[in-house]
Amino acid sequence: MIKIEVDMNQCQHYGQCVFEAPDNFKLNDDDKLEYVAEAPDSERDNIEAAVDVCPMQAIRIVE
Amino acid sequence: MAEANPAAPVVIVGAAMGGLRAAESLRRSGYTGAIRVVGEELHAPYNRPPLSKEVLATDVTHEAVAFPSRAEMGDVEWMLGVRATAVDLDAHTLTTDDGNVQEWRALVIATGLRARRLDFAPIAGRHVVRSLDDAMALRAELIPSARVVVVGSGFLGCELSATARKLGCSVTIVTPSAEPMIRPLGDLVAKEMRRRLTEEGVQIFSGVTVAAINGETSVESVELSDGRVIEADVVIESVGSHCNIEWLEGTNLDVSDGVLADNAMRAVTTDGIALDDVYVVGDIARFPNPMFDDVPRRVEHWNIPTDTGKRAGAVLAAHLADDGSFADVVAKPFAPVPSFWSNQFEIKLQAYGLLGLVSDDDIRVLEGDLTDQAAVGYYRDGRLVGVLGIGMKAALLPYRKQIAEGGA
Ligand SMILES: Cc1cc2nc3c(=O)[nH]c(=O)nc-3n(C[C@H](O)[C@H](O)[C@H](O)COP(=O)(O)OP(=O)(O)OC[C@H]3O[C@@H](n4cnc5c(N)ncnc54)[C@H](O)[C@@H]3O)c2cc1C
């Protein structure tokens with residue numbers, strides 16, 4: 001299991017993570033980010049890509 | 001060309017986002033040999049966009065903007081504070097300003113851009129913002145009621161204006177353009193942006209250039225081409241950039257605008273030959289994106305160093321592995337969706353695609369209302385090639401998909 005943390009004070013809801021890991025991240029109808037804090041190990045590449053593309057660098061994988 | 005020494009490291013020149021992503025990608029693609037990153041700045045790679053926005057408005061520190069360092073990067077060697085001065089593609093060597101000549105097995109060019117400066121005497125109070133050190137120096141002078149003149153009205157100039165205004169400075173933009181951000185956004189949106197910036201108290205003088213910056217030891221006033229004089233304490237020059245290509249002089253690479261690369265991010269010579277052991281990533285790379293056409297372009301958007309860095313790392317790792325996978329990796333489609341954002345006051349712009357490809361007649365509001373929240377479409381030959389959200393985000397996603405599907 002991978003644990004994900006998003007710093008919601010940093011997050012500006014750009015939604016770049018949504019393209020990389022749609023199973024874990026989405027923008028709701030109010031343009032706000034919603035995320036699932038756990039992902040199977042098979043999702044690691046996608047979650048790491050989501051970390052990379054966050055303009056605010058607000059996403060972290062907790063090791 | 002002589003054979004490269006297989007025991008020499010992959011040398012990446014430029015220790016910023018593009019160089020970092022290339023190094024990470026080499027490791028992730030299975031390359032286990034030596035990697036050395038040579039960078040002129042003393043700081044480990046950090047994120048530049050906050051330097052004109054959030055971070056400039058608060059505390060400018062390396063910690064606030066540093067990219068996290070991955071475990072697999074543990075054995076990457078960082079040579080920081082060192083500038084590359086020359087390269088020999090035949091001998092596979094790199095010369096640096098500390099007098100060293102080092103061998104490389106493969107080379108990654110990631111030296112990005114530097115800010116262009118106005119040609120006036122170097123007195124105190126004149127600033128540019130490209131690096132963390134630039135932002136720190138500027139931050140110290142953005143005190144409430146400071147009189148700030150921003151030269152240039154691109155995204156960077158407008159963001160810096162908004163941040164300075166938020167910090168309590170009085171701000172005047174001086175620009176040769178008719179409207180702020182007109183080149184990337186087009187006339188329709190640029191006019192609306194002028195309205196909003198003006199409403200927030202930013203003064204905009206358009207259609208003028210700077211004739212002189214007056215002051216003995218520090219800035220006192222700025223003289224415009226139409227004779228007007230604006231009193232000022234701080235001048236921020238955001239008048240474009242130069243590609244850092246000087247160290248490549250004397251090679252046969254095509255450096256007419258940045259460094260030419262093919263779709264696999266391999267550097268291309270003036271004879272049109274793509275080199276399997278020299279790669280280009282980030283702002284400095286001019287490469288074709290089949291999503292739009294086969295014209296190589298430089299794209300100074302934040303996602304490009306990451307996308308091109310990953311691509312270059314994967315292709316180079318396959319070349320070095322020499323396991324027969326190279327042709328397949330090169331042939332994989334590579335068509336990254338350009339994307340950028342910009343924050344100015346409470347205005348949040350977000351865009352996908354290449355807005356600058358389009359003429360003014362082909363820009364139209366797709367959803368919402370320009371004076372409030374809107375999605376704006378940019379069309380070329382009837383095809384959507386760009387979308388801009390003003391305050392809108394999730395609504396842009398179907399348009400992004402449409403843009404992406406236009407290509408490979
Ligand atoms: C203030 C600011 C705000 C921005 N905001 C946004 C935004 O909101 N949205 C967006 O999409 N984009 C934005 N950008 C653009 C984005 O940050 C760039 O696209 C990105 O930084 C490019 O990364 P890069 O690694 O290609 O090049 P650079 O970041 O330019 O890095 C190149 C590195 O190479 C080093 N170098 C240069 N020459 C040599 C040499 N000879 N030897 C050794 N090292 C050398 C430099 O010192 C530098 O560290 C912004 C840029 C700035 C400066």
# chains A, B, ... in the order shown; residues from 1 in each chain; ligands from 1
>>> residues_near_ligand(ligand="ligand 1", cutoff="8 Å", atoms="only C-alpha atoms and all ligand atoms", output="ChimeraX atom specification")
/A:55 /B:13-20,38-41,45,47-53,81-85,96,110-114,129-131,135,155-156,244-247,281-285,299-305,339-343
>>> interface_residues(of="chain A", to="chain B", cutoff="7 Å", atoms="only C-alpha atoms", output="number ranges by chain")
A: 14, 27, 31, 53
>>> write_last_selection(atoms="all heavy atoms", output="compact mmCIF listing (two decimals), in the first residue's frame")
# COMPACT_ATOMS: atom_id res chain seq x y z
N TYR A 14 -5.36 22.78 -8.99
CA TYR A 14 -5.09 22.86 -10.43
C TYR A 14 -5.53 21.59 -11.16
O TYR A 14 -5.80 21.61 -12.35
CB TYR A 14 -3.61 23.12 -10.69
CG TYR A 14 -3.21 24.53 -10.36
CD1 TYR A 14 -2.38 24.82 -9.29
CD2 TYR A 14 -3.71 25.58 -11.13
CE1 TYR A 14 -2.02 26.12 -8.99
CE2 TYR A 14 -3.36 26.89 -10.82
CZ TYR A 14 -2.52 27.16 -9.76
OH TYR A 14 -2.19 28.44 -9.46
N LEU A 27 -11.29 16.34 -9.41
CA LEU A 27 -11.83 17.66 -9.09
C LEU A 27 -13.34 17.50 -8.98
O LEU A 27 -13.98 16.94 -9.86
CB LEU A 27 -11.51 18.66 -10.20
CG LEU A 27 -10.08 19.19 -10.32
CD1 LEU A 27 -9.96 20.16 -11.49
CD2 LEU A 27 -9.62 19.87 -9.03
N ASP A 31 -14.83 22.54 -8.32
CA ASP A 31 -13.43 22.73 -8.70
C ASP A 31 -12.46 22.51 -7.54
O ASP A 31 -11.37 23.07 -7.52
CB ASP A 31 -13.19 24.14 -9.28
CG ASP A 31 -13.43 24.18 -10.78
OD1 ASP A 31 -13.63 23.11 -11.39
OD2 ASP A 31 -13.41 25.29 -11.35
N VAL A 53 3.92 16.44 -11.12
CA VAL A 53 3.25 17.46 -11.92
C VAL A 53 2.46 18.47 -11.08
O VAL A 53 1.85 19.37 -11.63
CB VAL A 53 2.29 16.86 -12.98
CG1 VAL A 53 3.07 15.98 -13.95
CG2 VAL A 53 1.14 16.11 -12.33
>>> select_by_dssp(residues="segment 6-203 of chain B", states="strand (DSSP E)", output="VMD selection string")
chain B and resid 10 to 13 35 to 39 77 to 80 84 to 88 93 to 96 101 to 103 106 to 109 113 to 115 126 to 127 147 to 151 170 to 175 203
>>> write_last_selection(atoms="C-alpha atoms", output="PDB file, in the first residue's frame")
ATOM      1  CA  VAL B  10      26.141  10.482 -18.011  1.00  0.00           C
ATOM      2  CA  VAL B  11      26.678  14.218 -17.517  1.00  0.00           C
ATOM      3  CA  ILE B  12      23.644  16.459 -17.217  1.00  0.00           C
ATOM      4  CA  VAL B  13      24.355  20.187 -17.580  1.00  0.00           C
ATOM      5  CA  ILE B  35      25.165  10.212 -13.268  1.00  0.00           C
ATOM      6  CA  ARG B  36      26.695  13.622 -12.638  1.00  0.00           C
ATOM      7  CA  VAL B  37      24.703  16.870 -12.694  1.00  0.00           C
ATOM      8  CA  VAL B  38      26.660  20.088 -13.284  1.00  0.00           C
ATOM      9  CA  GLY B  39      24.860  23.303 -12.345  1.00  0.00           C
ATOM     10  CA  GLU B  77      26.631  13.284  -8.040  1.00  0.00           C
ATOM     11  CA  TRP B  78      25.827  17.012  -7.882  1.00  0.00           C
ATOM     12  CA  MET B  79      28.508  19.486  -8.971  1.00  0.00           C
ATOM     13  CA  LEU B  80      26.878  22.769  -7.978  1.00  0.00           C
ATOM     14  CA  ALA B  84      29.997  24.572 -18.198  1.00  0.00           C
ATOM     15  CA  THR B  85      32.065  26.656 -20.623  1.00  0.00           C
ATOM     16  CA  ALA B  86      32.722  24.329 -23.557  1.00  0.00           C
ATOM     17  CA  VAL B  87      31.931  20.887 -24.876  1.00  0.00           C
ATOM     18  CA  ASP B  88      33.640  18.646 -27.416  1.00  0.00           C
ATOM     19  CA  THR B  93      34.423  16.019 -22.946  1.00  0.00           C
ATOM     20  CA  LEU B  94      32.979  18.943 -21.004  1.00  0.00           C
ATOM     21  CA  THR B  95      35.005  21.917 -19.782  1.00  0.00           C
ATOM     22  CA  THR B  96      33.870  23.851 -16.696  1.00  0.00           C
ATOM     23  CA  VAL B 101      37.805  18.803 -18.271  1.00  0.00           C
ATOM     24  CA  GLN B 102      35.640  15.758 -17.716  1.00  0.00           C
ATOM     25  CA  GLU B 103      34.642  12.820 -19.893  1.00  0.00           C
ATOM     26  CA  ALA B 106      26.271  10.725 -22.792  1.00  0.00           C
ATOM     27  CA  LEU B 107      25.303  14.372 -22.383  1.00  0.00           C
ATOM     28  CA  VAL B 108      22.002  15.988 -21.400  1.00  0.00           C
ATOM     29  CA  ILE B 109      21.588  19.692 -22.185  1.00  0.00           C
ATOM     30  CA  LEU B 113      17.098  30.424 -20.043  1.00  0.00           C
ATOM     31  CA  ARG B 114      18.329  33.543 -18.328  1.00  0.00           C
ATOM     32  CA  ALA B 115      16.555  36.869 -18.059  1.00  0.00           C
ATOM     33  CA  ARG B 126      17.195  47.209 -10.881  1.00  0.00           C
ATOM     34  CA  HIS B 127      15.918  43.631 -10.763  1.00  0.00           C
ATOM     35  CA  ARG B 147       7.281  52.766  -6.040  1.00  0.00           C
ATOM     36  CA  VAL B 148       7.736  49.883  -8.460  1.00  0.00           C
ATOM     37  CA  VAL B 149       8.003  50.071 -12.244  1.00  0.00           C
ATOM     38  CA  VAL B 150       7.621  46.748 -14.037  1.00  0.00           C
ATOM     39  CA  VAL B 151       8.983  46.741 -17.582  1.00  0.00           C
ATOM     40  CA  SER B 170       2.501  51.281  -5.941  1.00  0.00           C
ATOM     41  CA  VAL B 171       2.949  49.589  -9.317  1.00  0.00           C
ATOM     42  CA  THR B 172       3.241  50.833 -12.882  1.00  0.00           C
ATOM     43  CA  ILE B 173       3.652  48.514 -15.853  1.00  0.00           C
ATOM     44  CA  VAL B 174       5.525  49.934 -18.827  1.00  0.00           C
ATOM     45  CA  THR B 175       5.117  47.913 -21.996  1.00  0.00           C
ATOM     46  CA  GLN B 203      -1.240  51.416 -13.646  1.00  0.00           C
TER      47      GLN B 203
END
>>> residues_around(residues="Leu357 of chain B", least_positions_apart="3", cutoff="10 Å", atoms="only C-alpha atoms", output="compact mmCIF listing (two decimals) with N, CA and C atoms, in the first residue's frame")
# COMPACT_ATOMS: atom_id res chain seq x y z
N ARG B 183 0.33 38.68 -26.43
CA ARG B 183 0.90 37.70 -27.36
C ARG B 183 0.40 36.28 -27.05
N PRO B 184 0.48 35.83 -25.80
CA PRO B 184 -0.05 34.48 -25.57
C PRO B 184 -1.57 34.42 -25.54
N PHE B 292 0.38 18.91 -32.60
CA PHE B 292 0.05 20.12 -33.37
C PHE B 292 0.49 20.01 -34.83
N GLY B 353 -2.59 23.39 -24.11
CA GLY B 353 -2.37 23.54 -25.54
C GLY B 353 -1.47 24.72 -25.83
N LEU B 354 -1.46 25.15 -27.11
CA LEU B 354 -0.60 26.26 -27.52
C LEU B 354 -1.47 27.43 -27.98
N TYR B 378 -9.17 28.41 -28.36
CA TYR B 378 -8.23 28.92 -29.35
C TYR B 378 -8.18 27.91 -30.50
N TYR B 379 -8.59 28.36 -31.71
CA TYR B 379 -8.73 27.46 -32.85
C TYR B 379 -7.72 27.76 -33.94
N ARG B 380 -7.20 26.69 -34.56
CA ARG B 380 -6.38 26.87 -35.75
C ARG B 380 -6.95 25.97 -36.84
N VAL B 385 -6.81 24.11 -30.54
CA VAL B 385 -5.40 23.84 -30.19
C VAL B 385 -5.05 24.39 -28.81
N GLY B 386 -5.98 25.16 -28.22
CA GLY B 386 -5.70 25.68 -26.89
C GLY B 386 -6.98 26.03 -26.16
>>> residues_around(residues="Leu185 of chain B", least_positions_apart="2", cutoff="10 Å", atoms="only C-alpha atoms", output="PyMOL selection string")
chain B and resi 154-155+179-183+187-191+193+351+354-356+358-360+363+376+378+387-388
>>> select_by_dssp(residues="chain A", states="helix (DSSP H, G or I)", output="ChimeraX atom specification")
/A:16-20,41-53
>>> write_last_selection(atoms="all heavy atoms", output="tab-separated table (two decimals), in the first residue's frame")
chain	number	residue	atom	x	y	z
A	16	GLN	N	-3.78	18.88	-11.95
A	16	GLN	CA	-2.81	18.21	-12.83
A	16	GLN	C	-2.67	16.74	-12.42
A	16	GLN	O	-2.49	15.86	-13.27
A	16	GLN	CB	-1.44	18.88	-12.76
A	16	GLN	CG	-1.45	20.35	-13.12
A	16	GLN	CD	-1.88	20.60	-14.55
A	16	GLN	OE1	-1.29	20.10	-15.47
A	16	GLN	NE2	-2.96	21.34	-14.72
A	17	CYS	N	-2.79	16.46	-11.12
A	17	CYS	CA	-2.68	15.10	-10.60
A	17	CYS	C	-3.78	14.20	-11.16
A	17	CYS	O	-3.60	12.99	-11.28
A	17	CYS	CB	-2.74	15.12	-9.06
A	17	CYS	SG	-4.10	16.13	-8.42
A	18	VAL	N	-4.90	14.80	-11.50
A	18	VAL	CA	-6.06	14.04	-11.99
A	18	VAL	C	-5.71	13.27	-13.26
A	18	VAL	O	-6.16	12.14	-13.46
A	18	VAL	CB	-7.25	15.00	-12.25
A	18	VAL	CG1	-8.42	14.26	-12.86
A	18	VAL	CG2	-7.66	15.69	-10.96
A	19	PHE	N	-4.87	13.87	-14.12
A	19	PHE	CA	-4.51	13.19	-15.37
A	19	PHE	C	-3.58	12.02	-15.12
A	19	PHE	O	-3.58	11.04	-15.85
A	19	PHE	CB	-3.81	14.17	-16.33
A	19	PHE	CG	-4.61	15.40	-16.58
A	19	PHE	CD1	-4.13	16.64	-16.20
A	19	PHE	CD2	-5.86	15.31	-17.19
A	19	PHE	CE1	-4.88	17.77	-16.43
A	19	PHE	CE2	-6.61	16.44	-17.42
A	19	PHE	CZ	-6.12	17.68	-17.03
A	20	GLU	N	-2.74	12.14	-14.11
A	20	GLU	CA	-1.71	11.13	-13.88
A	20	GLU	C	-2.24	9.95	-13.07
A	20	GLU	O	-1.84	8.82	-13.32
A	20	GLU	CB	-0.51	11.75	-13.14
A	20	GLU	CG	0.12	12.94	-13.86
A	20	GLU	CD	0.74	12.57	-15.21
A	20	GLU	OE1	0.97	11.38	-15.46
A	20	GLU	OE2	0.99	13.50	-16.01
A	41	ASP	N	0.22	-0.82	-4.54
A	41	ASP	CA	1.58	-0.63	-5.02
A	41	ASP	C	1.66	-0.56	-6.55
A	41	ASP	O	2.54	0.09	-7.10
A	41	ASP	CB	2.49	-1.76	-4.50
A	41	ASP	CG	2.80	-1.57	-3.02
A	41	ASP	OD1	3.00	-0.40	-2.62
A	41	ASP	OD2	2.81	-2.55	-2.27
A	42	SER	N	0.72	-1.21	-7.20
A	42	SER	CA	0.72	-1.19	-8.67
A	42	SER	C	0.50	0.22	-9.22
A	42	SER	O	0.76	0.48	-10.38
A	42	SER	CB	-0.38	-2.13	-9.19
A	42	SER	OG	-1.64	-1.71	-8.68
A	43	GLU	N	0.01	1.13	-8.38
A	43	GLU	CA	-0.25	2.51	-8.80
A	43	GLU	C	0.96	3.42	-8.58
A	43	GLU	O	0.88	4.62	-8.82
A	43	GLU	CB	-1.45	3.07	-8.02
A	43	GLU	CG	-2.79	2.79	-8.64
A	43	GLU	CD	-2.99	3.55	-9.95
A	43	GLU	OE1	-3.06	4.80	-9.92
A	43	GLU	OE2	-3.04	2.90	-11.01
A	44	ARG	N	2.08	2.86	-8.09
A	44	ARG	CA	3.19	3.73	-7.68
A	44	ARG	C	3.65	4.69	-8.77
A	44	ARG	O	3.81	5.89	-8.52
A	44	ARG	CB	4.38	2.90	-7.17
A	44	ARG	CG	5.58	3.76	-6.78
A	44	ARG	CD	6.64	3.00	-6.02
A	44	ARG	NE	6.26	2.64	-4.68
A	44	ARG	CZ	6.42	3.44	-3.60
A	44	ARG	NH1	6.97	4.62	-3.72
A	44	ARG	NH2	6.04	3.04	-2.42
A	45	ASP	N	3.84	4.20	-9.98
A	45	ASP	CA	4.31	5.07	-11.06
A	45	ASP	C	3.37	6.25	-11.27
A	45	ASP	O	3.81	7.39	-11.45
A	45	ASP	CB	4.43	4.29	-12.38
A	45	ASP	CG	5.70	3.45	-12.41
A	45	ASP	OD1	6.49	3.54	-11.44
A	45	ASP	OD2	5.89	2.71	-13.39
A	46	ASN	N	2.07	5.96	-11.24
A	46	ASN	CA	1.09	7.03	-11.47
A	46	ASN	C	1.09	8.05	-10.33
A	46	ASN	O	0.99	9.25	-10.56
A	46	ASN	CB	-0.31	6.44	-11.64
A	46	ASN	CG	-0.42	5.61	-12.90
A	46	ASN	OD1	0.40	5.75	-13.82
A	46	ASN	ND2	-1.40	4.73	-12.95
A	47	ILE	N	1.19	7.55	-9.11
A	47	ILE	CA	1.19	8.46	-7.96
A	47	ILE	C	2.46	9.33	-8.00
A	47	ILE	O	2.41	10.55	-7.77
A	47	ILE	CB	1.12	7.70	-6.62
A	47	ILE	CG1	-0.11	6.77	-6.58
A	47	ILE	CG2	1.11	8.67	-5.44
A	47	ILE	CD1	-1.44	7.43	-6.50
A	48	GLU	N	3.59	8.70	-8.33
A	48	GLU	CA	4.82	9.49	-8.41
A	48	GLU	C	4.72	10.55	-9.50
A	48	GLU	O	5.18	11.69	-9.34
A	48	GLU	CB	6.03	8.57	-8.66
A	48	GLU	CG	6.41	7.81	-7.39
A	48	GLU	CD	7.72	7.03	-7.51
A	48	GLU	OE1	8.20	6.86	-8.65
A	48	GLU	OE2	8.25	6.60	-6.47
A	49	ALA	N	4.09	10.20	-10.61
A	49	ALA	CA	3.89	11.17	-11.68
A	49	ALA	C	3.01	12.32	-11.20
A	49	ALA	O	3.25	13.49	-11.50
A	49	ALA	CB	3.28	10.50	-12.91
A	50	ALA	N	1.99	12.00	-10.40
A	50	ALA	CA	1.10	13.04	-9.85
A	50	ALA	C	1.89	13.97	-8.93
A	50	ALA	O	1.71	15.19	-8.96
A	50	ALA	CB	-0.06	12.39	-9.10
A	51	VAL	N	2.79	13.39	-8.14
A	51	VAL	CA	3.64	14.21	-7.26
A	51	VAL	C	4.47	15.19	-8.12
A	51	VAL	O	4.55	16.38	-7.83
A	51	VAL	CB	4.60	13.31	-6.43
A	51	VAL	CG1	5.63	14.14	-5.70
A	51	VAL	CG2	3.80	12.45	-5.45
A	52	ASP	N	5.04	14.67	-9.20
A	52	ASP	CA	5.90	15.48	-10.07
A	52	ASP	C	5.16	16.66	-10.70
A	52	ASP	O	5.72	17.73	-10.85
A	52	ASP	CB	6.46	14.63	-11.22
A	52	ASP	CG	7.55	13.68	-10.76
A	52	ASP	OD1	7.98	13.78	-9.60
A	52	ASP	OD2	7.97	12.82	-11.57
A	53	VAL	N	3.92	16.44	-11.12
A	53	VAL	CA	3.25	17.46	-11.92
A	53	VAL	C	2.46	18.47	-11.08
A	53	VAL	O	1.85	19.37	-11.63
A	53	VAL	CB	2.29	16.86	-12.98
A	53	VAL	CG1	3.07	15.98	-13.95
A	53	VAL	CG2	1.14	16.11	-12.33
>>> atom_distance(atom1="atom CA of Pro296 of chain B", atom2="atom CA of Pro338 of chain B")
13.7 Å
>>> residues_around(residues="Val62 of chain A", least_positions_apart="3", cutoff="8 Å", atoms="only C-alpha atoms", output="MDAnalysis selection string")
chainID A and resid 2:5
